[in-house]
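So this block is target-v8.pdb, PDB, N, CA and C atoms:
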```pdb
ATOM      1  N   GLN J   1     -24.299  28.388 -58.596
ATOM      2  CA  GLN J   1     -24.621  26.978 -58.715
ATOM      3  C   GLN J   1     -23.337  26.158 -58.879
ATOM      4  N   VAL J   2     -22.393  26.667 -59.646
ATOM      5  CA  VAL J   2     -21.130  25.963 -59.847
ATOM      6  C   VAL J   2     -20.368  25.884 -58.521
ATOM      7  N   ALA J   3     -20.403  26.958 -57.740
ATOM      8  CA  ALA J   3     -19.706  26.967 -56.446
ATOM      9  C   ALA J   3     -20.310  25.930 -55.501
ATOM     10  N   ALA J   4     -21.633  25.797 -55.517
ATOM     11  CA  ALA J   4     -22.290  24.818 -54.646
ATOM     12  C   ALA J   4     -21.878  23.398 -55.023
ATOM     13  N   VAL J   5     -21.764  23.141 -56.307
ATOM     14  CA  VAL J   5     -21.339  21.816 -56.770
ATOM     15  C   VAL J   5     -19.889  21.568 -56.360
ATOM     16  N   ALA J   6     -19.050  22.589 -56.452
ATOM     17  CA  ALA J   6     -17.646  22.441 -56.070
ATOM     18  C   ALA J   6     -17.521  22.149 -54.572
ATOM     19  N   VAL J   7     -18.291  22.842 -53.758
ATOM     20  CA  VAL J   7     -18.259  22.608 -52.309
ATOM     21  C   VAL J   7     -18.767  21.203 -51.996
ATOM     22  N   ALA J   8     -19.847  20.799 -52.649
ATOM     23  CA  ALA J   8     -20.394  19.462 -52.424
ATOM     24  C   ALA J   8     -19.375  18.393 -52.812
ATOM     25  N   ARG J   9     -18.671  18.597 -53.898
ATOM     26  CA  ARG J   9     -17.651  17.637 -54.334
ATOM     27  C   ARG J   9     -16.526  17.557 -53.313
ATOM     28  N   LYS J  10     -16.063  18.707 -52.825
ATOM     29  CA  LYS J  10     -14.984  18.714 -51.838
ATOM     30  C   LYS J  10     -15.402  18.002 -50.560
ATOM     31  N   LEU J  11     -16.624  18.239 -50.108
ATOM     32  CA  LEU J  11     -17.117  17.570 -48.900
ATOM     33  C   LEU J  11     -17.230  16.065 -49.119
ATOM     34  N   THR J  12     -17.664  15.677 -50.309
ATOM     35  CA  THR J  12     -17.777  14.258 -50.621
ATOM     36  C   THR J  12     -16.412  13.591 -50.608
ATOM     37  N   VAL J  13     -15.423  14.236 -51.209
ATOM     38  CA  VAL J  13     -14.065  13.690 -51.230
ATOM     39  C   VAL J  13     -13.517  13.610 -49.810
ATOM     40  N   LEU J  14     -13.744  14.648 -49.003
ATOM     41  CA  LEU J  14     -13.294  14.640 -47.612
ATOM     42  C   LEU J  14     -13.911  13.469 -46.855
ATOM     43  N   CYS J  15     -15.218  13.296 -46.985
ATOM     44  CA  CYS J  15     -15.905  12.181 -46.311
ATOM     45  C   CYS J  15     -15.366  10.837 -46.790
ATOM     46  N   TRP J  16     -15.159  10.719 -48.075
ATOM     47  CA  TRP J  16     -14.639   9.458 -48.619
ATOM     48  C   TRP J  16     -13.286   9.126 -48.005
ATOM     49  N   HIS J  17     -12.391  10.124 -47.945
ATOM     50  CA  HIS J  17     -11.066   9.893 -47.358
ATOM     51  C   HIS J  17     -11.164   9.525 -45.886
ATOM     52  N   LEU J  18     -12.013  10.220 -45.139
ATOM     53  CA  LEU J  18     -12.156   9.934 -43.707
ATOM     54  C   LEU J  18     -12.697   8.524 -43.489
ATOM     55  N   LEU J  19     -13.665   8.113 -44.307
ATOM     56  CA  LEU J  19     -14.258   6.794 -44.134
ATOM     57  C   LEU J  19     -13.329   5.668 -44.593
ATOM     58  N   THR J  20     -12.676   5.845 -45.728
ATOM     59  CA  THR J  20     -11.818   4.775 -46.232
ATOM     60  C   THR J  20     -10.563   4.612 -45.385
ATOM     61  N   ASN J  21     -10.066   5.703 -44.811
ATOM     62  CA  ASN J  21      -8.876   5.625 -43.965
ATOM     63  C   ASN J  21      -9.226   5.420 -42.491
ATOM     64  N   GLU J  22     -10.522   5.370 -42.193
ATOM     65  CA  GLU J  22     -11.018   5.200 -40.826
ATOM     66  C   GLU J  22     -10.350   6.182 -39.869
ATOM     67  N   GLU J  23     -10.418   7.472 -40.231
ATOM     68  CA  GLU J  23      -9.818   8.534 -39.438
ATOM     69  C   GLU J  23     -10.883   9.524 -38.991
ATOM     70  N   ASP J  24     -10.579  10.243 -37.921
ATOM     71  CA  ASP J  24     -11.421  11.350 -37.498
ATOM     72  C   ASP J  24     -10.961  12.598 -38.235
ATOM     73  N   TYR J  25     -11.850  13.577 -38.332
ATOM     74  CA  TYR J  25     -11.505  14.849 -38.959
ATOM     75  C   TYR J  25     -10.447  15.538 -38.104
ATOM     76  N   LEU J  26      -9.331  15.907 -38.696
ATOM     77  CA  LEU J  26      -8.189  16.430 -37.971
ATOM     78  C   LEU J  26      -8.500  17.711 -37.207
ATOM     79  N   TRP J  27      -9.330  18.586 -37.776
ATOM     80  CA  TRP J  27      -9.553  19.895 -37.179
ATOM     81  C   TRP J  27     -10.857  19.971 -36.389
ATOM     82  N   ALA J  28     -11.413  18.842 -36.030
ATOM     83  CA  ALA J  28     -12.646  18.846 -35.238
ATOM     84  C   ALA J  28     -12.389  19.458 -33.867
ATOM     85  N   ARG J  29     -13.387  20.145 -33.335
ATOM     86  CA  ARG J  29     -13.296  20.715 -31.994
ATOM     87  C   ARG J  29     -13.938  19.705 -31.035
ATOM     88  N   PRO J  30     -13.140  18.983 -30.247
ATOM     89  CA  PRO J  30     -13.641  17.865 -29.450
ATOM     90  C   PRO J  30     -14.819  18.197 -28.535
ATOM     91  N   SER J  31     -14.756  19.311 -27.820
ATOM     92  CA  SER J  31     -15.854  19.609 -26.895
ATOM     93  C   SER J  31     -17.122  19.958 -27.660
ATOM     94  N   LEU J  32     -16.997  20.626 -28.796
ATOM     95  CA  LEU J  32     -18.181  20.962 -29.592
ATOM     96  C   LEU J  32     -18.802  19.703 -30.183
ATOM     97  N   VAL J  33     -17.971  18.791 -30.671
ATOM     98  CA  VAL J  33     -18.479  17.533 -31.218
ATOM     99  C   VAL J  33     -19.196  16.731 -30.129
ATOM    100  N   ALA J  34     -18.594  16.664 -28.928
ATOM    101  CA  ALA J  34     -19.223  15.938 -27.821
ATOM    102  C   ALA J  34     -20.542  16.586 -27.422
ATOM    103  N   HIS J  35     -20.563  17.914 -27.408
ATOM    104  CA  HIS J  35     -21.785  18.649 -27.054
ATOM    105  C   HIS J  35     -22.906  18.361 -28.063
ATOM    106  N   LYS J  36     -22.583  18.432 -29.337
ATOM    107  CA  LYS J  36     -23.585  18.186 -30.386
ATOM    108  C   LYS J  36     -24.036  16.723 -30.390
ATOM    109  N   THR J  37     -23.085  15.807 -30.184
ATOM    110  CA  THR J  37     -23.428  14.384 -30.144
ATOM    111  C   THR J  37     -24.384  14.109 -28.991
ATOM    112  N   ARG J  38     -24.096  14.682 -27.826
ATOM    113  CA  ARG J  38     -24.969  14.469 -26.662
ATOM    114  C   ARG J  38     -26.349  15.065 -26.914
ATOM    115  N   GLY J  39     -26.404  16.220 -27.548
ATOM    116  CA  GLY J  39     -27.693  16.822 -27.880
ATOM    117  C   GLY J  39     -28.512  15.929 -28.799
ATOM    118  N   MET J  40     -27.860  15.319 -29.796
ATOM    119  CA  MET J  40     -28.561  14.407 -30.699
ATOM    120  C   MET J  40     -29.027  13.154 -29.964
ATOM    121  N   GLU J  41     -28.188  12.656 -29.049
ATOM    122  CA  GLU J  41     -28.575  11.481 -28.267
ATOM    123  C   GLU J  41     -29.829  11.772 -27.444
ATOM    124  N   LEU J  42     -29.878  12.938 -26.817
ATOM    125  CA  LEU J  42     -31.045  13.296 -26.004
ATOM    126  C   LEU J  42     -32.291  13.452 -26.864
ATOM    127  N   GLN J  43     -32.138  14.072 -28.048
ATOM    128  CA  GLN J  43     -33.276  14.223 -28.951
ATOM    129  C   GLN J  43     -33.772  12.878 -29.454
ATOM    130  N   ALA J  44     -32.862  11.912 -29.595
ATOM    131  CA  ALA J  44     -33.235  10.588 -30.086
ATOM    132  C   ALA J  44     -33.881   9.738 -28.998
ATOM    133  N   GLY J  45     -33.908  10.259 -27.767
ATOM    134  CA  GLY J  45     -34.585   9.541 -26.701
ATOM    135  C   GLY J  45     -33.684   8.820 -25.723
ATOM    136  N   ARG J  46     -32.395   8.984 -25.838
ATOM    137  CA  ARG J  46     -31.488   8.341 -24.878
ATOM    138  C   ARG J  46     -31.702   8.972 -23.499
ATOM    139  N   ALA J  47     -31.615   8.169 -22.489
ATOM    140  CA  ALA J  47     -31.878   8.628 -21.126
ATOM    141  C   ALA J  47     -30.813   9.624 -20.665
ATOM    142  N   GLN J  48     -31.255  10.566 -19.835
ATOM    143  CA  GLN J  48     -30.318  11.508 -19.239
ATOM    144  C   GLN J  48     -29.484  10.786 -18.194
ATOM    145  N   LYS J  49     -28.240  11.203 -18.078
ATOM    146  CA  LYS J  49     -27.350  10.585 -17.101
ATOM    147  C   LYS J  49     -27.503  11.326 -15.772
ATOM    148  N   LYS J  50     -27.648  10.602 -14.720
ATOM    149  CA  LYS J  50     -27.800  11.180 -13.384
ATOM    150  C   LYS J  50     -26.512  10.974 -12.598
ATOM    151  N   GLY J  51     -26.258  11.846 -11.656
ATOM    152  CA  GLY J  51     -25.101  11.691 -10.782
ATOM    153  C   GLY J  51     -24.121  12.827 -10.942
ATOM    154  N   ASN J  52     -22.991  12.699 -10.277
ATOM    155  CA  ASN J  52     -21.970  13.747 -10.269
ATOM    156  C   ASN J  52     -20.910  13.588 -11.348
ATOM    157  N   THR J  53     -20.949  12.511 -12.106
ATOM    158  CA  THR J  53     -19.934  12.278 -13.126
ATOM    159  C   THR J  53     -20.206  13.157 -14.343
ATOM    160  N   ARG J  54     -19.195  13.914 -14.733
ATOM    161  CA  ARG J  54     -19.346  14.782 -15.904
ATOM    162  C   ARG J  54     -18.982  13.999 -17.160
ATOM    163  N   GLY J  55     -19.776  14.199 -18.191
ATOM    164  CA  GLY J  55     -19.514  13.531 -19.460
ATOM    165  C   GLY J  55     -18.553  14.336 -20.311
ATOM    166  N   PRO J  56     -18.204  13.813 -21.491
ATOM    167  CA  PRO J  56     -17.245  14.503 -22.360
ATOM    168  C   PRO J  56     -17.772  15.838 -22.894
ATOM    169  N   ALA J  57     -19.088  16.018 -22.910
ATOM    170  CA  ALA J  57     -19.654  17.268 -23.415
ATOM    171  C   ALA J  57     -19.499  18.407 -22.419
ATOM    172  N   TYR J  58     -19.123  18.117 -21.183
ATOM    173  CA  TYR J  58     -19.010  19.158 -20.165
ATOM    174  C   TYR J  58     -17.949  20.191 -20.534
ATOM    175  N   ALA J  59     -16.895  19.761 -21.200
ATOM    176  CA  ALA J  59     -15.814  20.680 -21.566
ATOM    177  C   ALA J  59     -16.331  21.845 -22.402
ATOM    178  N   HIS J  60     -17.432  21.656 -23.114
ATOM    179  CA  HIS J  60     -17.990  22.732 -23.932
ATOM    180  C   HIS J  60     -18.527  23.866 -23.055
ATOM    181  N   ASN J  61     -18.804  23.584 -21.789
ATOM    182  CA  ASN J  61     -19.305  24.614 -20.877
ATOM    183  C   ASN J  61     -18.192  25.486 -20.299
ATOM    184  N   ILE J  62     -16.939  25.101 -20.475
ATOM    185  CA  ILE J  62     -15.812  25.855 -19.940
ATOM    186  C   ILE J  62     -15.304  26.802 -21.024
ATOM    187  N   LYS J  63     -15.520  28.087 -20.796
ATOM    188  CA  LYS J  63     -15.219  29.093 -21.819
ATOM    189  C   LYS J  63     -13.749  29.055 -22.253
ATOM    190  N   GLN J  64     -12.831  28.857 -21.330
ATOM    191  CA  GLN J  64     -11.412  28.837 -21.665
ATOM    192  C   GLN J  64     -11.097  27.704 -22.644
ATOM    193  N   LEU J  65     -11.666  26.523 -22.430
ATOM    194  CA  LEU J  65     -11.438  25.405 -23.348
ATOM    195  C   LEU J  65     -12.089  25.660 -24.705
ATOM    196  N   ARG J  66     -13.302  26.225 -24.688
ATOM    197  CA  ARG J  66     -13.981  26.564 -25.955
ATOM    198  C   ARG J  66     -13.147  27.554 -26.746
ATOM    199  N   ASP J  67     -12.645  28.590 -26.067
ATOM    200  CA  ASP J  67     -11.835  29.609 -26.745
ATOM    201  C   ASP J  67     -10.541  29.021 -27.297
ATOM    202  N   GLN J  68      -9.934  28.113 -26.541
ATOM    203  CA  GLN J  68      -8.700  27.468 -26.994
ATOM    204  C   GLN J  68      -8.962  26.640 -28.261
ATOM    205  N   GLU J  69     -10.044  25.873 -28.269
ATOM    206  CA  GLU J  69     -10.387  25.083 -29.457
ATOM    207  C   GLU J  69     -10.677  25.995 -30.646
ATOM    208  N   MET J  70     -11.371  27.106 -30.388
ATOM    209  CA  MET J  70     -11.692  28.046 -31.461
ATOM    210  C   MET J  70     -10.413  28.663 -32.023
ATOM    211  N   HIS J  71      -9.466  28.962 -31.168
ATOM    212  CA  HIS J  71      -8.192  29.539 -31.608
ATOM    213  C   HIS J  71      -7.451  28.558 -32.527
ATOM    214  N   VAL J  72      -7.410  27.292 -32.157
ATOM    215  CA  VAL J  72      -6.755  26.269 -32.984
ATOM    216  C   VAL J  72      -7.469  26.161 -34.331
ATOM    217  N   ALA J  73      -8.805  26.196 -34.316
ATOM    218  CA  ALA J  73      -9.573  26.114 -35.563
ATOM    219  C   ALA J  73      -9.310  27.328 -36.456
ATOM    220  N   GLU J  74      -9.196  28.509 -35.860
ATOM    221  CA  GLU J  74      -8.916  29.715 -36.641
ATOM    222  C   GLU J  74      -7.520  29.656 -37.258
ATOM    223  N   GLN J  75      -6.537  29.157 -36.509
ATOM    224  CA  GLN J  75      -5.191  28.997 -37.059
ATOM    225  C   GLN J  75      -5.202  28.033 -38.244
ATOM    226  N   ALA J  76      -5.920  26.940 -38.103
ATOM    227  CA  ALA J  76      -6.012  25.962 -39.193
ATOM    228  C   ALA J  76      -6.645  26.599 -40.425
ATOM    229  N   GLN J  77      -7.678  27.401 -40.213
ATOM    230  CA  GLN J  77      -8.350  28.071 -41.329
ATOM    231  C   GLN J  77      -7.390  29.027 -42.033
ATOM    232  N   ARG J  78      -6.603  29.791 -41.268
ATOM    233  CA  ARG J  78      -5.640  30.717 -41.879
ATOM    234  C   ARG J  78      -4.568  29.960 -42.669
ATOM    235  N   ARG J  79      -4.085  28.830 -42.114
ATOM    236  CA  ARG J  79      -3.087  28.033 -42.834
ATOM    237  C   ARG J  79      -3.661  27.479 -44.138
ATOM    238  N   TYR J  80      -4.911  27.028 -44.064
ATOM    239  CA  TYR J  80      -5.563  26.491 -45.268
ATOM    240  C   TYR J  80      -5.730  27.588 -46.320
ATOM    241  N   GLU J  81      -6.167  28.772 -45.896
ATOM    242  CA  GLU J  81      -6.339  29.884 -46.842
ATOM    243  C   GLU J  81      -5.013  30.258 -47.480
ATOM    244  N   HIS J  82      -3.937  30.252 -46.699
ATOM    245  CA  HIS J  82      -2.615  30.554 -47.233
ATOM    246  C   HIS J  82      -2.195  29.491 -48.255
ATOM    247  N   PHE J  83      -2.457  28.230 -47.933
ATOM    248  CA  PHE J  83      -2.126  27.136 -48.841
ATOM    249  C   PHE J  83      -2.876  27.282 -50.159
ATOM    250  N   VAL J  84      -4.172  27.545 -50.081
ATOM    251  CA  VAL J  84      -4.990  27.668 -51.290
ATOM    252  C   VAL J  84      -4.568  28.878 -52.102
ATOM    253  N   GLU J  85      -4.233  29.962 -51.421
ATOM    254  CA  GLU J  85      -3.809  31.182 -52.106
ATOM    255  C   GLU J  85      -2.518  30.955 -52.891
ATOM    256  N   ALA J  86      -1.605  30.154 -52.350
ATOM    257  CA  ALA J  86      -0.322  29.912 -52.995
ATOM    258  C   ALA J  86      -0.390  28.801 -54.043
ATOM    259  N   TRP J  87      -1.460  28.032 -54.039
ATOM    260  CA  TRP J  87      -1.563  26.890 -54.944
ATOM    261  C   TRP J  87      -1.876  27.357 -56.362
ATOM    262  N   ARG J  88      -1.140  26.834 -57.312
ATOM    263  CA  ARG J  88      -1.367  27.145 -58.725
ATOM    264  C   ARG J  88      -1.503  25.829 -59.475
ATOM    265  N   PRO J  89      -2.607  25.633 -60.177
ATOM    266  CA  PRO J  89      -2.749  24.370 -60.930
ATOM    267  C   PRO J  89      -1.782  24.334 -62.108
ATOM    268  N   ARG J  90      -1.315  23.144 -62.398
ATOM    269  CA  ARG J  90      -0.428  22.950 -63.543
ATOM    270  C   ARG J  90      -1.260  22.518 -64.738
ATOM    271  N   PRO J  91      -0.895  22.959 -65.928
ATOM    272  CA  PRO J  91      -1.633  22.499 -67.108
ATOM    273  C   PRO J  91      -1.373  21.015 -67.332
ATOM    274  N   PRO J  92      -2.349  20.298 -67.879
ATOM    275  CA  PRO J  92      -2.149  18.864 -68.115
ATOM    276  C   PRO J  92      -1.070  18.637 -69.177
ATOM    277  N   LYS J  93      -0.402  17.507 -69.058
ATOM    278  CA  LYS J  93       0.614  17.148 -70.049
ATOM    279  C   LYS J  93      -0.082  16.794 -71.357
ATOM    280  N   GLU J  94       0.650  16.900 -72.455
ATOM    281  CA  GLU J  94       0.083  16.604 -73.775
ATOM    282  C   GLU J  94      -0.470  15.188 -73.836
ATOM    283  N   LYS J  95       0.204  14.243 -73.205
ATOM    284  CA  LYS J  95      -0.225  12.853 -73.226
ATOM    285  C   LYS J  95      -1.625  12.735 -72.606
ATOM    286  N   ALA J  96      -1.827  13.379 -71.475
ATOM    287  CA  ALA J  96      -3.123  13.328 -70.802
ATOM    288  C   ALA J  96      -4.172  14.067 -71.610
ATOM    289  N   ARG J  97      -3.794  15.160 -72.244
ATOM    290  CA  ARG J  97      -4.742  15.941 -73.021
ATOM    291  C   ARG J  97      -5.328  15.099 -74.152
ATOM    292  N   GLY J  98      -4.502  14.271 -74.779
ATOM    293  CA  GLY J  98      -4.978  13.411 -75.858
ATOM    294  C   GLY J  98      -5.951  12.358 -75.361
ATOM    295  N   ARG J  99      -5.709  11.833 -74.170
ATOM    296  CA  ARG J  99      -6.625  10.827 -73.609
ATOM    297  C   ARG J  99      -7.959  11.447 -73.236
ATOM    298  N   LEU J 100      -7.931  12.675 -72.737
ATOM    299  CA  LEU J 100      -9.163  13.331 -72.327
ATOM    300  C   LEU J 100     -10.010  13.749 -73.523
ATOM    301  N   ASN J 101      -9.369  13.987 -74.638
ATOM    302  CA  ASN J 101     -10.068  14.450 -75.832
ATOM    303  C   ASN J 101      -9.547  13.673 -77.035
ATOM    304  N   PRO J 102      -9.914  12.381 -77.154
ATOM    305  CA  PRO J 102      -9.335  11.535 -78.198
ATOM    306  C   PRO J 102      -9.634  12.008 -79.608
ATOM    307  N   ALA J 103     -10.754  12.663 -79.826
ATOM    308  CA  ALA J 103     -11.099  13.099 -81.175
ATOM    309  C   ALA J 103     -10.360  14.364 -81.555
ATOM    310  N   GLY J 104      -9.721  15.006 -80.605
ATOM    311  CA  GLY J 104      -8.976  16.226 -80.897
ATOM    312  C   GLY J 104      -9.853  17.460 -80.935
ATOM    313  N   HIS J 105     -11.094  17.343 -80.528
ATOM    314  CA  HIS J 105     -11.990  18.506 -80.525
ATOM    315  C   HIS J 105     -11.693  19.370 -79.320
ATOM    316  N   ARG J 106     -11.865  20.618 -79.465
ATOM    317  CA  ARG J 106     -11.671  21.553 -78.342
ATOM    318  C   ARG J 106     -12.953  22.214 -77.986
TER     319      ARG J 106
END
```

Final structure tokens representation of the file:
Amino acid sequence: QVAAVAVARKLTVLCWHLLTNEEDYLWARPSLVAHKTRGMELQAGRAQKKGNTRGPAYAHNIKQLRDQEMHVAEQAQRRYEHFVEAWRPRPPKEKARGRLNPAGHR
């Protein structure tokens, strides 16, 4: 239960940063996002596009591009795991400790 709350908090902070900075998620897989977005549009009732023009979701059908995006995502995941593994939290300074616990109770 604690892990679920921690994951939810991290996702909330991530969303907050993306929205306040008006940025896209850095590690998004463009063809997968386009594919999923188009699927949601079709489910919501948007008309199918006719003709020979390929939309942005078409790239998801090309295995080489999908594999390339997956490779980049896997590299990002390994870098993140390495970063988290090396990260060590620092204990709070005495000044902050007093503010967090003004009565001195532990």

In terms of the shortest atom-to-atom distance over only N, CA and C atoms, which of J:Leu11, J:Asp24, J:Leu19, J:Pro30 is closest to Glu69 of chain J?
J:Pro30

If you run DSSP on the backbone here, which positions in segment 35-94 of chain J get alpha helix (DSSP H)? Please write them as a ChimeraX atom specification.
/J:35-43,63-86,94

Interatomic distance (Å, one decimal) between atom CA of Val72 of chain J and atom CA of Arg88 of chain J:
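Between these atoms lies a distance of 26.3 Å.
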
Taking the file as shown, what set of residues would the PyMOL selection byres ((chain J and resi 56-62) around 5) give back, as number ranges by chain?
J: 31, 34-35, 54-55, 63-66

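As for atom N of Ala76 of chain J and atom N of Val33 of chain J, they are spaced 16.3 Å apart.
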
Quick one: pull the distance between atom CA of Met70 of chain J and atom N of Ala28 of chain J, Å, one decimal.
10.3 Å

Produce the centre coordinates and the three edge lengths, each in Å to one decimal, of the box along x, y and z that contains all listed atoms of segment 86-91 of chain J with 5 Å added on each side, as AutoDock Vina command-line options.
```
--center_x -1.5 --center_y 25.6 --center_z -59.8 --size_x 12.4 --size_y 19.1 --size_z 25.0
```

Identify the residues around (-12.9, 16.4, -41.8) within a radius of 6.5 Å, measuring from only N, CA and C atoms in the coordinates stated by the file, and give them as a ChimeraX atom specification.
/J:14-15,24-28

Store the residues of this selection in a file with N, CA and C atoms, as a short mmCIF file (atom, residue, chain, number, x, y, z; two decimals), in the coordinates of the input.
```
data_model
loop_
_atom_site.label_atom_id
_atom_site.label_comp_id
_atom_site.auth_asym_id
_atom_site.auth_seq_id
_atom_site.Cartn_x
_atom_site.Cartn_y
_atom_site.Cartn_z
N LEU J 14 -13.74 14.65 -49.00
CA LEU J 14 -13.29 14.64 -47.61
C LEU J 14 -13.91 13.47 -46.86
N CYS J 15 -15.22 13.30 -46.98
CA CYS J 15 -15.90 12.18 -46.31
C CYS J 15 -15.37 10.84 -46.79
N ASP J 24 -10.58 10.24 -37.92
CA ASP J 24 -11.42 11.35 -37.50
C ASP J 24 -10.96 12.60 -38.24
N TYR J 25 -11.85 13.58 -38.33
CA TYR J 25 -11.50 14.85 -38.96
C TYR J 25 -10.45 15.54 -38.10
N LEU J 26 -9.33 15.91 -38.70
CA LEU J 26 -8.19 16.43 -37.97
C LEU J 26 -8.50 17.71 -37.21
N TRP J 27 -9.33 18.59 -37.78
CA TRP J 27 -9.55 19.90 -37.18
C TRP J 27 -10.86 19.97 -36.39
N ALA J 28 -11.41 18.84 -36.03
CA ALA J 28 -12.65 18.85 -35.24
C ALA J 28 -12.39 19.46 -33.87
#
```

Please export segment 71-78 of chain J as an mmCIF file, in the first residue's frame, restricted to all heavy atoms.
```cif
data_model
loop_
_atom_site.group_PDB
_atom_site.id
_atom_site.type_symbol
_atom_site.label_atom_id
_atom_site.label_comp_id
_atom_site.auth_asym_id
_atom_site.auth_seq_id
_atom_site.Cartn_x
_atom_site.Cartn_y
_atom_site.Cartn_z
ATOM 1 N N HIS J 71 14.149 0.696 -28.138
ATOM 2 C CA HIS J 71 15.556 0.695 -27.727
ATOM 3 C C HIS J 71 15.888 1.982 -26.958
ATOM 4 O O HIS J 71 16.549 1.945 -25.912
ATOM 5 C CB HIS J 71 16.461 0.546 -28.957
ATOM 6 C CG HIS J 71 17.920 0.557 -28.636
ATOM 7 N ND1 HIS J 71 18.546 -0.464 -27.952
ATOM 8 C CD2 HIS J 71 18.877 1.480 -28.891
ATOM 9 C CE1 HIS J 71 19.819 -0.173 -27.795
ATOM 10 N NE2 HIS J 71 20.049 1.004 -28.359
ATOM 11 N N VAL J 72 15.435 3.118 -27.453
ATOM 12 C CA VAL J 72 15.669 4.401 -26.774
ATOM 13 C C VAL J 72 14.998 4.387 -25.401
ATOM 14 O O VAL J 72 15.579 4.833 -24.404
ATOM 15 C CB VAL J 72 15.158 5.573 -27.637
ATOM 16 C CG1 VAL J 72 15.148 6.873 -26.845
ATOM 17 C CG2 VAL J 72 16.011 5.721 -28.884
ATOM 18 N N ALA J 73 13.776 3.851 -25.326
ATOM 19 C CA ALA J 73 13.063 3.781 -24.046
ATOM 20 C C ALA J 73 13.789 2.867 -23.057
ATOM 21 O O ALA J 73 13.876 3.177 -21.863
ATOM 22 C CB ALA J 73 11.635 3.294 -24.266
ATOM 23 N N GLU J 74 14.331 1.756 -23.541
ATOM 24 C CA GLU J 74 15.067 0.842 -22.664
ATOM 25 C C GLU J 74 16.348 1.493 -22.148
ATOM 26 O O GLU J 74 16.710 1.324 -20.981
ATOM 27 C CB GLU J 74 15.384 -0.452 -23.407
ATOM 28 C CG GLU J 74 14.171 -1.329 -23.625
ATOM 29 C CD GLU J 74 14.431 -2.484 -24.577
ATOM 30 O OE1 GLU J 74 15.524 -2.520 -25.212
ATOM 31 O OE2 GLU J 74 13.544 -3.338 -24.702
ATOM 32 N N GLN J 75 17.049 2.235 -23.004
ATOM 33 C CA GLN J 75 18.245 2.951 -22.561
ATOM 34 C C GLN J 75 17.894 3.970 -21.477
ATOM 35 O O GLN J 75 18.608 4.094 -20.482
ATOM 36 C CB GLN J 75 18.898 3.682 -23.735
ATOM 37 C CG GLN J 75 19.685 2.802 -24.658
ATOM 38 C CD GLN J 75 20.325 3.613 -25.764
ATOM 39 O OE1 GLN J 75 19.751 4.578 -26.249
ATOM 40 N NE2 GLN J 75 21.518 3.224 -26.164
ATOM 41 N N ALA J 76 16.811 4.689 -21.679
ATOM 42 C CA ALA J 76 16.378 5.679 -20.686
ATOM 43 C C ALA J 76 16.063 4.998 -19.359
ATOM 44 O O ALA J 76 16.425 5.502 -18.293
ATOM 45 C CB ALA J 76 15.165 6.438 -21.198
ATOM 46 N N GLN J 77 15.409 3.847 -19.425
ATOM 47 C CA GLN J 77 15.068 3.107 -18.207
ATOM 48 C C GLN J 77 16.335 2.670 -17.476
ATOM 49 O O GLN J 77 16.430 2.802 -16.256
ATOM 50 C CB GLN J 77 14.209 1.887 -18.546
ATOM 51 C CG GLN J 77 13.826 1.053 -17.347
ATOM 52 C CD GLN J 77 12.930 1.777 -16.360
ATOM 53 O OE1 GLN J 77 12.161 2.639 -16.752
ATOM 54 N NE2 GLN J 77 13.028 1.428 -15.106
ATOM 55 N N ARG J 78 17.336 2.176 -18.211
ATOM 56 C CA ARG J 78 18.593 1.757 -17.575
ATOM 57 C C ARG J 78 19.313 2.947 -16.935
ATOM 58 O O ARG J 78 19.834 2.837 -15.826
ATOM 59 C CB ARG J 78 19.501 1.070 -18.601
ATOM 60 C CG ARG J 78 19.099 -0.360 -18.885
ATOM 61 C CD ARG J 78 20.185 -1.104 -19.631
ATOM 62 N NE ARG J 78 20.477 -0.539 -20.937
ATOM 63 C CZ ARG J 78 19.828 -0.821 -22.051
ATOM 64 N NH1 ARG J 78 18.832 -1.686 -22.022
ATOM 65 N NH2 ARG J 78 20.165 -0.276 -23.197
#
```
